[in-house]
Amino acid sequence: MAIEFPKDFLWGAATSSYQIEGAWNEDGKSESNWDRFSHTSGHIIDKSTGDVAVDHYHRWREDVALMAELGLKAYRFSIAWPRVLPSGWGKVNPAGLGFYSRLVDELLSHGIQPLVTLYHWDHPQVLEDRGGWTVRTTAEAFAEYAEVLARQLGDRVTMWATFNEPWVSAFLGYMQGVHAPGHHDLGEAVAATHHLLLAHGWAVPIIRRDSPGSQVGIVLNMAPIVPASSSQADEQAARLSDASLNRMFADPLSGRGYPDELHERYTLPASLVQPGDMQVIKAPLDFVGINYYFRNIVRNNEIAEERNKPREVFPNQEHTEMGWEVYPEGLYELLTRLKHDYDFPAYYITENGAAFPDHVAADGSVDDPRRLAYVKAHLEQAARAIAEGVPLRGYFVWSLMDNFEWAQGYTKRFGIVYVDCATQRRIPKSSARWFQRVIADNAIVG
Ligand code: IFM
């Protein structure tokens with residue numbers, strides 16, 4: 001039986017600047033935090049960098065043509081801040097801005113709606129040198145950056161996301177040390193969280209003013225959190241983990257302030273949250289983008305000094321190549337929980353997808369049945385949530401094409417389009433052809 005999606009459901013694919021563009025030092029772009037991080041040895045598993053990535057900076061026309069061939073209704077991409085404002089703020093680099101302006105025009109000429117993410121983890125290294133997200137001035141610089149983009153593209157771009165996964169920027173970057181800038185400091189992660197949210201809150205009214213009528217939102221990585229057992233300790237660990245991953249962002253965005261668990265575990269420095277900040281952060285949104293990959297099963301950490309860091313447990317189920325459990329029901333659980341607990345007006349799945357090893361067959365094709373099954377199963381759960389009244393308006397697969405998977409370099413392929421890194425040849429995988437049919441039918445048939 002066919003599973004139909006609502007009329008006007010927005011079907012798309014997503015990418016991000018550092019993961020696909022390359023051209024790391026071309027046309028006036030300055031060094032980014034990720035250029036510095038990947039150029040410093042020991043951070044990327046295969047010692048690679050995003051210097052060339054999948055060369056989208058030079059192949060963007062070909063890539064847009066591919067999107068059109070697949071029938072995408074929308075394309076979610078991010079802007080490299082160091083291309084547009086190489087010093088973080090101040091002087092605009094017209095060449096960098098021109099690249100994105102041409103990309104937007106090309107998308108529109110094919111009837112593809114751009115969803116622009118202003119920040120997907122890459123900012124000018126000069127800002128990082130002055131403290132990055134741990135300092136308030138970076139949030140001020142971001143507001144200026146948002147204004148430049150909204151003024152220049154706001155007549156043509158009608159969907160904006162301020163940030164992608166601020167949890168990742170704050171916690172993987174400043175506490176777990178696996179992303180740029182590679183620090184290990186809880187205090188820095190908390191400060192970064194506040195400044196990212198503040199930057200978001202400042203940017204929202206600026207975008208509304210300079211891109212009137214557009215939809216403005218933010219993209220969060222969220223997951224259902226499940227205790228590993230019914231013990232009080234595991235339940236408590238799950239509560240902490242939920243506060244840190246989910247409520248730390250969704251609560252202040254919806255006007256509830258930071259979760260109590262943060263205050264229980266950590267004394268915020270008096271100077272961090274200034275009068276009026278929480279009001280800024282709760283700027284009304286048109287949508288929240290959800291990036292969902294797997295649920296988190298957590299167990300209490302028996303190591304006394306690490307009680308703040310609940311352990312994740314990975315059950316013996318099917319896993320993707322990232323080691324992430326395949327748990328499509330989690331998408332339904334997450335969406336219905338959001339509907340129950342918050343009153344955001346709309347949601348988009350802004351990322352969902354899977355890394356599996358892919359191989360080019362002798363006939364030049366790439367068959368990826370496991371990725372296809374992953375996407376199909378998640379779409380079925382999305383449809384279930386829609387049927388129960390969740391205002392889910394679209395789905396973006398991660399990713400349009402194989403790319404630089406951060407600390408995992410090029411060892412993990414998430415694309416529905418295969419990229420041969422040596423030749424930069426693009427080959428739509430069988431999942432891409434299947435997705436193309438789903439879009440054309442606005443339904444999963446069979
Ligand atoms: O590749 C990333 C993306 O940049 C952000 N969300 C998760 C994806 C897979 O790890």
# chains A, B, ... in the order shown; residues from 1 in each chain; ligands from 1

call {"tool": "closest_atom_pairs", "arguments": {"of": "chain A", "to": "ligand 1", "cutoff": "7 Å", "atoms": "only C-alpha atoms and all ligand atoms", "output": "CSV"}}
result
residue,atom,partner,partner_atom_place_in_ligand_line,distance
A:Ser16,CA,ligand 1,4 (O),6.4
A:Asn291,CA,ligand 1,6 (N),6.6
A:Glu351,CA,ligand 1,6 (N),6.7
A:Trp398,CA,ligand 1,8 (C),6.9
A:Glu405,CA,ligand 1,1 (O),5.1
A:Trp406,CA,ligand 1,1 (O),6.8

call {"tool": "residues_around", "arguments": {"residues": "A:Leu253", "least_positions_apart": "5", "cutoff": "10 Å", "atoms": "only C-alpha atoms", "output": "mmCIF file with all heavy atoms, in the first residue's frame"}}
result
data_model
loop_
_atom_site.group_PDB
_atom_site.id
_atom_site.type_symbol
_atom_site.label_atom_id
_atom_site.label_comp_id
_atom_site.auth_asym_id
_atom_site.auth_seq_id
_atom_site.Cartn_x
_atom_site.Cartn_y
_atom_site.Cartn_z
ATOM 1 N N LEU A 197 23.256 30.392 21.151
ATOM 2 C CA LEU A 197 21.823 30.683 21.226
ATOM 3 C C LEU A 197 21.560 32.185 21.158
ATOM 4 O O LEU A 197 20.592 32.640 20.538
ATOM 5 C CB LEU A 197 21.232 30.082 22.510
ATOM 6 C CG LEU A 197 21.043 28.558 22.461
ATOM 7 C CD1 LEU A 197 20.718 28.004 23.853
ATOM 8 C CD2 LEU A 197 19.920 28.177 21.483
ATOM 9 N N LEU A 198 22.431 32.954 21.777
ATOM 10 C CA LEU A 198 22.278 34.409 21.751
ATOM 11 C C LEU A 198 22.451 34.932 20.314
ATOM 12 O O LEU A 198 21.677 35.777 19.837
ATOM 13 C CB LEU A 198 23.328 35.026 22.678
ATOM 14 C CG LEU A 198 23.240 36.516 22.943
ATOM 15 C CD1 LEU A 198 21.915 36.870 23.628
ATOM 16 C CD2 LEU A 198 24.419 36.962 23.831
ATOM 17 N N HIS A 200 21.920 33.293 17.643
ATOM 18 C CA HIS A 200 20.691 32.898 16.938
ATOM 19 C C HIS A 200 19.586 33.934 17.197
ATOM 20 O O HIS A 200 18.943 34.423 16.268
ATOM 21 C CB HIS A 200 20.262 31.503 17.410
ATOM 22 C CG HIS A 200 18.819 31.230 17.204
ATOM 23 N ND1 HIS A 200 18.315 30.793 16.005
ATOM 24 C CD2 HIS A 200 17.746 31.394 18.034
ATOM 25 C CE1 HIS A 200 16.991 30.692 16.101
ATOM 26 N NE2 HIS A 200 16.630 31.037 17.327
ATOM 27 N N GLY A 201 19.386 34.233 18.469
ATOM 28 C CA GLY A 201 18.296 35.143 18.850
ATOM 29 C C GLY A 201 18.474 36.536 18.262
ATOM 30 O O GLY A 201 17.486 37.191 17.888
ATOM 31 N N ILE A 218 15.900 27.171 13.172
ATOM 32 C CA ILE A 218 17.210 26.685 13.628
ATOM 33 C C ILE A 218 17.176 25.176 13.488
ATOM 34 O O ILE A 218 16.090 24.576 13.479
ATOM 35 C CB ILE A 218 17.461 27.115 15.104
ATOM 36 C CG1 ILE A 218 18.887 26.773 15.544
ATOM 37 C CG2 ILE A 218 16.449 26.471 16.058
ATOM 38 C CD1 ILE A 218 19.281 27.394 16.898
ATOM 39 N N ARG A 247 16.918 19.329 25.874
ATOM 40 C CA ARG A 247 16.260 20.474 26.517
ATOM 41 C C ARG A 247 17.167 21.695 26.630
ATOM 42 O O ARG A 247 16.695 22.823 26.712
ATOM 43 C CB ARG A 247 15.715 20.044 27.879
ATOM 44 C CG ARG A 247 14.453 19.183 27.717
ATOM 45 C CD ARG A 247 13.856 18.773 29.033
ATOM 46 N NE ARG A 247 14.562 17.687 29.664
ATOM 47 C CZ ARG A 247 15.059 17.689 30.905
ATOM 48 N NH1 ARG A 247 14.943 18.777 31.656
ATOM 49 N NH2 ARG A 247 15.676 16.633 31.392
ATOM 50 N N MET A 248 18.457 21.489 26.635
ATOM 51 C CA MET A 248 19.413 22.608 26.729
ATOM 52 C C MET A 248 19.182 23.623 25.607
ATOM 53 O O MET A 248 19.485 24.807 25.733
ATOM 54 C CB MET A 248 20.826 22.027 26.599
ATOM 55 C CG MET A 248 21.912 23.018 26.772
ATOM 56 S SD MET A 248 22.254 23.230 28.517
ATOM 57 C CE MET A 248 23.954 23.711 28.433
ATOM 58 N N TYR A 258 17.099 27.747 30.662
ATOM 59 C CA TYR A 258 17.907 26.521 30.666
ATOM 60 C C TYR A 258 17.319 25.504 31.639
ATOM 61 O O TYR A 258 16.726 25.881 32.660
ATOM 62 C CB TYR A 258 19.349 26.853 31.036
ATOM 63 C CG TYR A 258 20.054 27.624 29.935
ATOM 64 C CD1 TYR A 258 20.458 28.941 30.119
ATOM 65 C CD2 TYR A 258 20.258 27.023 28.704
ATOM 66 C CE1 TYR A 258 21.069 29.653 29.090
ATOM 67 C CE2 TYR A 258 20.866 27.732 27.662
ATOM 68 C CZ TYR A 258 21.267 29.036 27.866
ATOM 69 O OH TYR A 258 21.851 29.722 26.845
ATOM 70 N N MET A 278 17.762 35.976 27.708
ATOM 71 C CA MET A 278 16.818 34.877 27.520
ATOM 72 C C MET A 278 15.606 35.321 26.691
ATOM 73 O O MET A 278 15.016 34.523 25.965
ATOM 74 C CB MET A 278 16.368 34.286 28.873
ATOM 75 C CG MET A 278 17.511 33.756 29.721
ATOM 76 S SD MET A 278 18.752 32.738 28.838
ATOM 77 C CE MET A 278 17.878 31.215 28.515
ATOM 78 N N GLN A 279 15.307 36.603 26.784
ATOM 79 C CA GLN A 279 14.240 37.186 25.977
ATOM 80 C C GLN A 279 14.641 37.158 24.486
ATOM 81 O O GLN A 279 13.842 36.845 23.615
ATOM 82 C CB GLN A 279 14.040 38.645 26.452
ATOM 83 C CG GLN A 279 12.806 39.334 25.997
ATOM 84 C CD GLN A 279 11.544 38.719 26.610
ATOM 85 O OE1 GLN A 279 11.624 38.131 27.704
ATOM 86 N NE2 GLN A 279 10.438 38.818 25.887
ATOM 87 N N VAL A 280 15.907 37.494 24.236
ATOM 88 C CA VAL A 280 16.421 37.484 22.855
ATOM 89 C C VAL A 280 16.342 36.070 22.281
ATOM 90 O O VAL A 280 15.904 35.852 21.146
ATOM 91 C CB VAL A 280 17.902 37.974 22.846
ATOM 92 C CG1 VAL A 280 18.564 37.708 21.496
ATOM 93 C CG2 VAL A 280 17.986 39.449 23.197
ATOM 94 N N ILE A 281 16.762 35.100 23.102
ATOM 95 C CA ILE A 281 16.869 33.710 22.619
ATOM 96 C C ILE A 281 15.508 33.125 22.256
ATOM 97 O O ILE A 281 15.400 32.281 21.368
ATOM 98 C CB ILE A 281 17.608 32.854 23.679
ATOM 99 C CG1 ILE A 281 19.081 33.275 23.740
ATOM 100 C CG2 ILE A 281 17.479 31.366 23.385
ATOM 101 C CD1 ILE A 281 19.871 32.679 24.890
ATOM 102 N N LYS A 282 14.455 33.599 22.922
ATOM 103 C CA LYS A 282 13.144 32.995 22.630
ATOM 104 C C LYS A 282 12.410 33.690 21.475
ATOM 105 O O LYS A 282 11.184 33.588 21.353
ATOM 106 C CB LYS A 282 12.283 32.960 23.885
ATOM 107 C CG LYS A 282 11.819 34.315 24.381
ATOM 108 C CD LYS A 282 10.876 34.113 25.558
ATOM 109 C CE LYS A 282 10.077 35.350 25.806
ATOM 110 N NZ LYS A 282 9.312 35.360 27.006
ATOM 111 N N ALA A 283 13.157 34.350 20.597
ATOM 112 C CA ALA A 283 12.544 34.976 19.409
ATOM 113 C C ALA A 283 11.658 33.945 18.693
ATOM 114 O O ALA A 283 12.115 32.821 18.423
ATOM 115 C CB ALA A 283 13.642 35.449 18.461
ATOM 116 N N PRO A 284 10.414 34.295 18.382
ATOM 117 C CA PRO A 284 9.517 33.311 17.750
ATOM 118 C C PRO A 284 10.095 32.750 16.450
ATOM 119 O O PRO A 284 10.697 33.475 15.661
ATOM 120 C CB PRO A 284 8.241 34.114 17.473
ATOM 121 C CG PRO A 284 8.307 35.288 18.390
ATOM 122 C CD PRO A 284 9.765 35.590 18.600
ATOM 123 N N LEU A 285 9.916 31.451 16.260
ATOM 124 C CA LEU A 285 10.470 30.754 15.087
ATOM 125 C C LEU A 285 9.349 30.284 14.178
ATOM 126 O O LEU A 285 8.242 30.017 14.638
ATOM 127 C CB LEU A 285 11.265 29.535 15.552
ATOM 128 C CG LEU A 285 12.491 29.841 16.412
ATOM 129 C CD1 LEU A 285 13.120 28.554 16.905
ATOM 130 C CD2 LEU A 285 13.499 30.648 15.594
ATOM 131 N N VAL A 288 11.432 24.460 13.400
ATOM 132 C CA VAL A 288 12.647 23.880 13.969
ATOM 133 C C VAL A 288 13.035 22.723 13.050
ATOM 134 O O VAL A 288 12.185 21.883 12.702
ATOM 135 C CB VAL A 288 12.423 23.397 15.422
ATOM 136 C CG1 VAL A 288 13.623 22.614 15.920
ATOM 137 C CG2 VAL A 288 12.171 24.600 16.336
ATOM 138 N N TYR A 342 6.298 20.892 23.281
ATOM 139 C CA TYR A 342 6.619 22.256 22.820
ATOM 140 C C TYR A 342 5.528 22.741 21.872
ATOM 141 O O TYR A 342 4.741 21.943 21.370
ATOM 142 C CB TYR A 342 7.980 22.268 22.099
ATOM 143 C CG TYR A 342 9.118 21.846 22.990
ATOM 144 C CD1 TYR A 342 9.551 20.521 23.022
ATOM 145 C CD2 TYR A 342 9.758 22.774 23.823
ATOM 146 C CE1 TYR A 342 10.591 20.128 23.863
ATOM 147 C CE2 TYR A 342 10.801 22.383 24.666
ATOM 148 C CZ TYR A 342 11.207 21.061 24.680
ATOM 149 O OH TYR A 342 12.234 20.680 25.512
ATOM 150 N N PHE A 344 6.346 24.660 18.949
ATOM 151 C CA PHE A 344 6.942 25.184 17.712
ATOM 152 C C PHE A 344 5.934 24.964 16.578
ATOM 153 O O PHE A 344 5.288 23.921 16.510
ATOM 154 C CB PHE A 344 8.263 24.472 17.402
ATOM 155 C CG PHE A 344 9.324 24.718 18.449
ATOM 156 C CD1 PHE A 344 9.851 23.659 19.185
ATOM 157 C CD2 PHE A 344 9.789 25.995 18.710
ATOM 158 C CE1 PHE A 344 10.816 23.879 20.158
ATOM 159 C CE2 PHE A 344 10.756 26.226 19.680
ATOM 160 C CZ PHE A 344 11.269 25.170 20.409
#

call {"tool": "closest_residue", "arguments": {"among": "A:Ala189, A:Ala13, A:Ala228, A:Ala346", "to": "A:Gln176", "atoms": "only C-alpha atoms"}}
result
A:Ala189

call {"tool": "select_by_dssp", "arguments": {"residues": "stretch 201-366 of chain A", "states": "strand (DSSP E or B)", "output": "ChimeraX atom specification"}}
result
/A:215-221,225-227,287-291,296-299,311-313,319,325,347-351

call {"tool": "residues_around", "arguments": {"residues": "A:Gly50", "least_positions_apart": "3", "cutoff": "8 Å", "atoms": "only C-alpha atoms", "output": "list in words"}}
result
Tyr18, Gln19, Ile20, Glu21, Gly22, Trp24, Asp35, Ser38, Ala53 and Phe404 of chain A

call {"tool": "select_by_dssp", "arguments": {"residues": "stretch 287-430 of chain A", "states": "helix (DSSP H, G or I)", "output": "VMD selection string"}}
result
chain A and resid 304 to 306 329 to 341 369 to 387 406 to 408 430

call {"tool": "residues_around", "arguments": {"residues": "stretch 116-132 of chain A", "least_positions_apart": "6", "cutoff": "7 Å", "atoms": "only C-alpha atoms", "output": "tab-separated table (two decimals) with all heavy atoms, in the first residue's frame"}}
result
chain	number	residue	atom	x	y	z
A	16	SER	N	26.86	20.68	3.63
A	16	SER	CA	27.37	21.87	4.33
A	16	SER	C	28.66	22.34	3.66
A	16	SER	O	29.35	21.55	3.00
A	16	SER	CB	27.65	21.58	5.81
A	16	SER	OG	28.94	21.05	5.98
A	18	TYR	N	31.86	23.33	4.53
A	18	TYR	CA	33.20	22.75	4.70
A	18	TYR	C	33.25	21.32	4.17
A	18	TYR	O	34.29	20.86	3.69
A	18	TYR	CB	33.65	22.79	6.16
A	18	TYR	CG	35.11	22.40	6.28
A	18	TYR	CD1	36.12	23.26	5.84
A	18	TYR	CD2	35.48	21.15	6.74
A	18	TYR	CE1	37.46	22.90	5.87
A	18	TYR	CE2	36.83	20.77	6.79
A	18	TYR	CZ	37.80	21.65	6.35
A	18	TYR	OH	39.13	21.27	6.38
A	30	SER	N	39.20	33.39	3.94
A	30	SER	CA	40.23	33.31	4.98
A	30	SER	C	40.23	31.90	5.59
A	30	SER	O	39.33	31.09	5.35
A	30	SER	CB	39.97	34.34	6.08
A	30	SER	OG	38.78	34.03	6.77
A	31	GLU	N	41.25	31.63	6.39
A	31	GLU	CA	41.36	30.33	7.07
A	31	GLU	C	40.19	30.18	8.05
A	31	GLU	O	39.84	31.13	8.77
A	31	GLU	CB	42.68	30.29	7.84
A	31	GLU	CG	42.93	28.97	8.54
A	31	GLU	CD	44.10	29.04	9.54
A	31	GLU	OE1	44.38	30.13	10.07
A	31	GLU	OE2	44.70	27.98	9.78
A	32	SER	N	39.59	28.99	8.08
A	32	SER	CA	38.50	28.74	9.03
A	32	SER	C	39.02	27.92	10.21
A	32	SER	O	40.12	27.36	10.16
A	32	SER	CB	37.35	27.99	8.35
A	32	SER	OG	37.69	26.63	8.18
A	33	ASN	N	38.19	27.84	11.25
A	33	ASN	CA	38.53	26.98	12.39
A	33	ASN	C	38.74	25.55	11.95
A	33	ASN	O	39.59	24.85	12.48
A	33	ASN	CB	37.43	27.07	13.47
A	33	ASN	CG	36.04	26.72	12.92
A	33	ASN	OD1	35.77	26.91	11.73
A	33	ASN	ND2	35.16	26.24	13.76
A	34	TRP	N	37.96	25.09	10.93
A	34	TRP	CA	38.11	23.72	10.46
A	34	TRP	C	39.33	23.54	9.56
A	34	TRP	O	39.93	22.47	9.53
A	34	TRP	CB	36.82	23.22	9.78
A	34	TRP	CG	35.97	22.55	10.81
A	34	TRP	CD1	35.00	23.12	11.57
A	34	TRP	CD2	36.10	21.19	11.27
A	34	TRP	NE1	34.50	22.20	12.45
A	34	TRP	CE2	35.15	21.01	12.30
A	34	TRP	CE3	36.93	20.11	10.92
A	34	TRP	CZ2	35.00	19.79	12.96
A	34	TRP	CZ3	36.77	18.90	11.59
A	34	TRP	CH2	35.82	18.75	12.59
A	76	ARG	N	19.25	22.12	0.94
A	76	ARG	CA	19.75	22.77	2.15
A	76	ARG	C	21.27	22.79	2.10
A	76	ARG	O	21.90	21.73	2.01
A	76	ARG	CB	19.26	22.01	3.38
A	76	ARG	CG	19.87	22.49	4.66
A	76	ARG	CD	19.30	21.82	5.92
A	76	ARG	NE	20.07	22.32	7.04
A	76	ARG	CZ	20.87	21.58	7.80
A	76	ARG	NH1	20.99	20.27	7.61
A	76	ARG	NH2	21.56	22.14	8.76
A	77	PHE	N	21.84	23.99	2.11
A	77	PHE	CA	23.30	24.11	2.10
A	77	PHE	C	23.69	25.18	3.11
A	77	PHE	O	22.85	25.97	3.57
A	77	PHE	CB	23.82	24.48	0.69
A	77	PHE	CG	23.36	25.82	0.20
A	77	PHE	CD1	24.16	26.95	0.36
A	77	PHE	CD2	22.13	25.98	-0.42
A	77	PHE	CE1	23.75	28.21	-0.10
A	77	PHE	CE2	21.70	27.22	-0.87
A	77	PHE	CZ	22.51	28.34	-0.71
A	78	SER	N	24.98	25.23	3.43
A	78	SER	CA	25.41	26.26	4.38
A	78	SER	C	26.40	27.20	3.73
A	78	SER	O	27.00	26.88	2.69
A	78	SER	CB	26.00	25.64	5.65
A	78	SER	OG	27.32	25.20	5.42
A	79	ILE	N	26.54	28.35	4.36
A	79	ILE	CA	27.45	29.38	3.84
A	79	ILE	C	28.71	29.38	4.68
A	79	ILE	O	28.66	29.27	5.91
A	79	ILE	CB	26.72	30.74	3.88
A	79	ILE	CG1	25.54	30.62	2.92
A	79	ILE	CG2	27.67	31.90	3.57
A	79	ILE	CD1	24.97	31.85	2.38
A	80	ALA	N	29.85	29.47	4.00
A	80	ALA	CA	31.13	29.53	4.72
A	80	ALA	C	31.36	30.99	5.12
A	80	ALA	O	31.67	31.84	4.27
A	80	ALA	CB	32.25	29.02	3.82
A	81	TRP	N	31.24	31.22	6.40
A	81	TRP	CA	31.42	32.59	6.95
A	81	TRP	C	32.77	33.19	6.49
A	81	TRP	O	32.81	34.35	6.03
A	81	TRP	CB	31.30	32.47	8.46
A	81	TRP	CG	31.31	33.69	9.31
A	81	TRP	CD1	31.68	34.96	8.97
A	81	TRP	CD2	30.93	33.75	10.70
A	81	TRP	NE1	31.57	35.80	10.06
A	81	TRP	CE2	31.11	35.09	11.12
A	81	TRP	CE3	30.46	32.81	11.62
A	81	TRP	CZ2	30.85	35.49	12.44
A	81	TRP	CZ3	30.20	33.20	12.93
A	81	TRP	CH2	30.39	34.53	13.33
A	82	PRO	N	33.87	32.43	6.49
A	82	PRO	CA	35.17	33.03	6.09
A	82	PRO	C	35.26	33.41	4.61
A	82	PRO	O	36.17	34.12	4.21
A	82	PRO	CB	36.19	31.93	6.40
A	82	PRO	CG	35.47	30.89	7.18
A	82	PRO	CD	34.02	31.02	6.90
A	86	PRO	N	35.84	37.61	5.62
A	86	PRO	CA	37.10	36.92	5.98
A	86	PRO	C	37.64	37.31	7.35
A	86	PRO	O	38.31	36.51	8.00
A	86	PRO	CB	38.06	37.34	4.86
A	86	PRO	CG	37.16	37.71	3.71
A	86	PRO	CD	35.91	38.27	4.31
A	87	SER	N	37.35	38.52	7.82
A	87	SER	CA	37.86	38.92	9.14
A	87	SER	C	36.83	38.68	10.24
A	87	SER	O	37.00	39.13	11.37
A	87	SER	CB	38.23	40.40	9.15
A	87	SER	OG	39.08	40.69	8.07
A	88	GLY	N	35.75	38.01	9.89
A	88	GLY	CA	34.71	37.74	10.89
A	88	GLY	C	33.62	38.78	10.82
A	88	GLY	O	32.45	38.48	10.91
A	138	THR	N	31.80	36.97	19.55
A	138	THR	CA	31.56	36.13	18.36
A	138	THR	C	30.07	36.16	18.01
A	138	THR	O	29.70	36.18	16.83
A	138	THR	CB	32.07	34.70	18.59
A	138	THR	OG1	33.48	34.77	18.85
A	138	THR	CG2	31.85	33.80	17.39
A	159	MET	N	13.89	30.56	2.97
A	159	MET	CA	14.00	29.69	4.14
A	159	MET	C	15.40	29.82	4.71
A	159	MET	O	16.39	29.58	4.00
A	159	MET	CB	13.76	28.22	3.78
A	159	MET	CG	12.31	27.89	3.53
A	159	MET	SD	12.12	26.11	3.30
A	159	MET	CE	12.05	25.55	4.99
A	160	TRP	N	15.47	30.16	5.99
A	160	TRP	CA	16.76	30.37	6.64
A	160	TRP	C	16.84	29.55	7.92
A	160	TRP	O	15.89	29.56	8.71
A	160	TRP	CB	16.91	31.84	7.05
A	160	TRP	CG	16.88	32.82	5.94
A	160	TRP	CD1	15.79	33.42	5.39
A	160	TRP	CD2	18.02	33.36	5.23
A	160	TRP	NE1	16.16	34.30	4.41
A	160	TRP	CE2	17.53	34.29	4.29
A	160	TRP	CE3	19.40	33.17	5.33
A	160	TRP	CZ2	18.36	35.00	3.43
A	160	TRP	CZ3	20.23	33.88	4.49
A	160	TRP	CH2	19.72	34.78	3.55
A	161	ALA	N	17.98	28.93	8.13
A	161	ALA	CA	18.27	28.34	9.45
A	161	ALA	C	19.51	29.06	9.96
A	161	ALA	O	20.49	29.19	9.22
A	161	ALA	CB	18.54	26.85	9.32
A	162	THR	N	19.44	29.53	11.18
A	162	THR	CA	20.60	30.26	11.72
A	162	THR	C	21.77	29.30	11.96
A	162	THR	O	22.86	29.51	11.42
A	162	THR	CB	20.23	30.94	13.04
A	162	THR	OG1	19.64	29.94	13.89
A	162	THR	CG2	19.26	32.09	12.83
A	163	PHE	N	21.53	28.26	12.75
A	163	PHE	CA	22.61	27.35	13.15
A	163	PHE	C	22.27	25.91	12.84
A	163	PHE	O	21.10	25.52	12.92
A	163	PHE	CB	22.88	27.46	14.66
A	163	PHE	CG	23.65	28.71	14.99
A	163	PHE	CD1	22.98	29.89	15.24
A	163	PHE	CD2	25.04	28.70	15.01
A	163	PHE	CE1	23.69	31.06	15.51
A	163	PHE	CE2	25.74	29.86	15.27
A	163	PHE	CZ	25.07	31.04	15.53
A	164	ASN	N	23.29	25.14	12.55
A	164	ASN	CA	23.15	23.70	12.48
A	164	ASN	C	23.73	23.08	13.74
A	164	ASN	O	24.91	23.27	14.05
A	164	ASN	CB	23.92	23.13	11.28
A	164	ASN	CG	23.81	21.61	11.24
A	164	ASN	OD1	22.75	21.09	10.90
A	164	ASN	ND2	24.86	20.89	11.62
A	169	SER	N	28.61	22.04	18.00
A	169	SER	CA	29.64	23.09	18.06
A	169	SER	C	30.13	23.25	19.49
A	169	SER	O	31.34	23.33	19.75
A	169	SER	CB	29.08	24.43	17.60
A	169	SER	OG	28.64	24.36	16.28

call {"tool": "residues_around", "arguments": {"residues": "A:Ala143", "least_positions_apart": "4", "cutoff": "7 Å", "atoms": "only C-alpha atoms", "output": "VMD selection string"}}
result
chain A and resid 139 147 199 202 to 203

call {"tool": "residues_around", "arguments": {"residues": "A:Tyr374", "least_positions_apart": "2", "cutoff": "10 Å", "atoms": "only C-alpha atoms", "output": "PyMOL selection string"}}
result
chain A and resi 293+320+326-328+352-354+369-372+376-379+431

call {"tool": "write_last_selection", "arguments": {"atoms": "C-alpha atoms", "output": "short mmCIF file (atom, residue, chain, number, x, y, z; two decimals), in the first residue's frame"}}
result
data_model
loop_
_atom_site.label_atom_id
_atom_site.label_comp_id
_atom_site.auth_asym_id
_atom_site.auth_seq_id
_atom_site.Cartn_x
_atom_site.Cartn_y
_atom_site.Cartn_z
CA TYR A 293 20.13 9.59 13.17
CA THR A 320 25.45 1.91 10.33
CA VAL A 326 19.37 1.81 13.19
CA TYR A 327 16.20 2.74 15.08
CA PRO A 328 13.61 4.38 12.80
CA ASN A 352 18.51 11.91 8.19
CA GLY A 353 20.60 9.29 6.46
CA ALA A 354 23.27 6.68 6.92
CA PRO A 369 20.15 -1.26 -0.50
CA ARG A 370 20.90 -0.67 3.19
CA ARG A 371 20.85 3.13 2.83
CA LEU A 372 17.65 2.89 0.79
CA LYS A 376 12.47 4.27 3.67
CA ALA A 377 12.01 3.07 7.25
CA HIS A 378 12.52 6.59 8.60
CA LEU A 379 10.11 8.08 6.09
CA SER A 431 18.95 5.10 -3.10
#
